[in-house]
Amino acid sequence: MKSQSKNIENIKLTFLAFCMIGACLLIYYSHVVLQKGVIFTHFFYIPIILASVWWKRRGIFFAATLSAVLIMSHFILNTNLSVADDCLRAFIFIVVASFVALLSERKEESEARYREFFTTSRDSVFITTPRGEWIDFNDALLELFGYDNREELLKAPIAQHYQDPEERAGLLKIIEQEGFVKEYPCRLNRKDGTVIDTLINTVPIRMPDGSVKSFVGTIRDITERKRMEESLRAERDYSTNIIRSTPAVVCGIAPNGTCNSINSAGERVTDYEAKELVGKNWWATLYPGKEYEQVERLFRDIDKGNVLDYEMTLTRKDGDKRIVAWNSLNRFDQNGNLVEVIGFGHDITERKRVEAELLETNRRLEAATALANGLAVQSEMANAAKSEFLANMSHEIRTPMNGVIGMTGLLLDTDLTAEQRQYVEIVRTSGEALLSIINDILDFSKIESGKIELEETPLELSACI
C-alpha cells in the first residue's frame, strides 16, 4: 500500500517537472523568439495550480518557488514586458493556489475525521433519505441488524425494522417539532426476527431552501442494559415485597436520627403511618421523655461493640408500650462514610408476657412440688408408723390367740357333752380363722417394710385350683 502511494507521488512529481520545464521553454520562446511573454507565461501557472491541489501546503511552497522562477526569468531574459505585472499575477496565483490548497486539505481532513468516526464508532451510524432509504452506514449498524453484506441491508426498507410503526411516526414528529431527536427509545427488528431495544439520535441535513436532504444519526443497542435494568428492578421489587410483607419491623435511620423509611410491620407496631414517621427523628418520636435513656444506653453499648437482639421499649402513638428486640445493618458510601442504619426489629411483647406467666407458673409448680414432697414424706412416715403398729399389734394379738386355741384343744380332750364339744369346736375354728387373719396382716407389714422372707414348700396345684 505504501509503495503504491509512493509510486503515485513520483508520477505526480515527474509530471510537474515536465510541466515546469515545458513552461520555462514556452516562456523563453515567447520572450526571446516571439516577444510575447504575456500569452505563454500563463502556461507556467499550470504546475503551480496542480502542485497546490496535489500536495497541499508543500505544493504552496512549490508554487511559490515556481513563481519566483517566473519573476527571475524577466530579469534574466531582460524582456520589455512589465515585471510588476508578472509579479502581481504570480502573487495572485500563489494566493489562489494557497486558498484552494487549504480548502482542499481541510475538506479532506474533515472527511477523514468523519470517516474515522463513521467507521470506528461503537454506535451504529447511519445516513438515510427522508423517504426512509439507506444512503450509508457503518459496520456496527450492519452487525446490529444481523446482515452479512451491505447490499442486502441497502435493499431493506428502514420501516420494516421498526417493531411498532407508531414509534417511527413519533420519531419523525419529534424531529419536526424539535429539529432533532436525542436518545429516542425504540424497539427494532433484526434480520433473524429478534427484537432489540435501542436509543436513536438523529438530526436532519437541510437544503438551502429548508427542505430535508437526509438524516444523520446513531443507534445504540441497549438490550443488555435493559435486561440488566429489568433484572435489577425485579430484584429490587422482590426485596421491597419481602421487606413490605415480613412480620419484622424494618426501618432506615439516617446518622442524625431521621427516619428514612419504614415497612408495614413497623406501622402496625408503632401505630404510626409511614408518612408520620418519615422525616421525623426516630428516637425522639418513639422514645419520649425518660424512655430516651434507652437510646443513650444503646449508643454507649454500640461504642463498646456489636449489639444483637437489643431489647428496647418504645411508645406507640396510642401511648401503649411495646418491647422490640433490635438488630441492625450499617450502610456506607464509597468513601466509607455511614449513610444509613437499617434496623430489624421483632415485637416480643407477647413473648415477654408469656415468659413472665411461665415463670410464675413454674414458681407455683415448684411450691406445689415442695408441698407434695413434704406430704409424701409425712405419708411415708405415717405408713411406716402404721406398719410398725400393725406388726406390733399382730404380734401381741397372736400370742394370746395361740393360748386360746391351745386351751380349746385341751378342753376337747376332756369329757364333754355333745353340745359342749360343739361349742368348743366353734371357738377353736374361730380362733384359727382370726389367727390366719393376724398372720396375713403381719405378712403385709413385712412386705411394706421390705422384710418378707419367701419359703420353698411343696405345692399341689390341683388343690389350689
# chains A, B, ... in the order shown; residues from 1 in each chain; ligands from 1
>>> residues_around(residues="range 401-409 of chain A", least_positions_apart="2", cutoff="9 Å", atoms="only C-alpha atoms", output="number ranges by chain")
A: 397-399, 411-413, 424-425, 427-429, 431-432, 434-435
>>> write_last_selection(atoms="C-alpha atoms", output="mmCIF file, in the first residue's frame")
data_model
loop_
_atom_site.group_PDB
_atom_site.id
_atom_site.type_symbol
_atom_site.label_atom_id
_atom_site.label_comp_id
_atom_site.auth_asym_id
_atom_site.auth_seq_id
_atom_site.Cartn_x
_atom_site.Cartn_y
_atom_site.Cartn_z
ATOM 1 C CA ILE A 397 -52.620 -60.466 119.483
ATOM 2 C CA ARG A 398 -51.205 -63.682 118.033
ATOM 3 C CA THR A 399 -49.627 -64.741 121.370
ATOM 4 C CA LEU A 411 -60.636 -78.736 126.519
ATOM 5 C CA LEU A 412 -61.696 -81.001 123.659
ATOM 6 C CA ASP A 413 -59.619 -83.814 125.163
ATOM 7 C CA VAL A 424 -65.612 -75.685 121.902
ATOM 8 C CA GLU A 425 -65.123 -76.631 118.196
ATOM 9 C CA VAL A 427 -64.350 -71.432 119.483
ATOM 10 C CA ARG A 428 -61.270 -73.274 118.150
ATOM 11 C CA THR A 429 -62.325 -72.756 114.471
ATOM 12 C CA GLY A 431 -59.661 -68.697 116.817
ATOM 13 C CA GLU A 432 -57.743 -70.352 113.988
ATOM 14 C CA LEU A 434 -58.602 -64.988 113.472
ATOM 15 C CA LEU A 435 -55.011 -66.204 113.794
#
>>> residues_around(residues="range 143-151 of chain A", least_positions_apart="4", cutoff="7 Å", atoms="only C-alpha atoms", output="PDB file with N, CA, C and O atoms, in the first residue's frame")
ATOM      1  N   ASP A 139     -20.108  -0.430   9.759  1.00  0.00           N
ATOM      2  CA  ASP A 139     -20.179  -1.877  10.002  1.00  0.00           C
ATOM      3  C   ASP A 139     -20.925  -2.207  11.283  1.00  0.00           C
ATOM      4  O   ASP A 139     -21.511  -3.292  11.405  1.00  0.00           O
ATOM      5  N   LYS A 155     -31.068  -2.847   0.471  1.00  0.00           N
ATOM      6  CA  LYS A 155     -32.330  -3.157  -0.195  1.00  0.00           C
ATOM      7  C   LYS A 155     -33.502  -3.246   0.788  1.00  0.00           C
ATOM      8  O   LYS A 155     -34.656  -3.258   0.376  1.00  0.00           O
ATOM      9  N   ARG A 190     -34.302  -7.317  14.084  1.00  0.00           N
ATOM     10  CA  ARG A 190     -33.099  -7.763  13.387  1.00  0.00           C
ATOM     11  C   ARG A 190     -33.506  -8.678  12.234  1.00  0.00           C
ATOM     12  O   ARG A 190     -34.657  -9.052  12.072  1.00  0.00           O
ATOM     13  N   LYS A 191     -32.530  -9.044  11.432  1.00  0.00           N
ATOM     14  CA  LYS A 191     -32.793  -9.893  10.269  1.00  0.00           C
ATOM     15  C   LYS A 191     -33.392 -11.236  10.692  1.00  0.00           C
ATOM     16  O   LYS A 191     -34.296 -11.763  10.029  1.00  0.00           O
TER      17      LYS A 191
END
>>> closest_residue(among="A:Ile342, A:Leu199, A:Arg297, A:Leu442", to="Ile262 in chain A", atoms="only C-alpha atoms")
A:Ile342
>>> residues_around(residues="range 229-244 of chain A", least_positions_apart="3", cutoff="12 Å", atoms="only C-alpha atoms", output="list of chain:residue names")
A:Ile222, A:Thr223, A:Glu224, A:Arg225, A:Lys226, A:Pro247, A:Ala248, A:Val249, A:Val250, A:Cys251, A:Gly252, A:Ser261, A:Ile262, A:Asn263, A:Ser264, A:Ala265, A:Gly266, A:Glu267, A:Arg268, A:Ala274, A:Ile342, A:Gly343, A:Phe344, A:Gly345
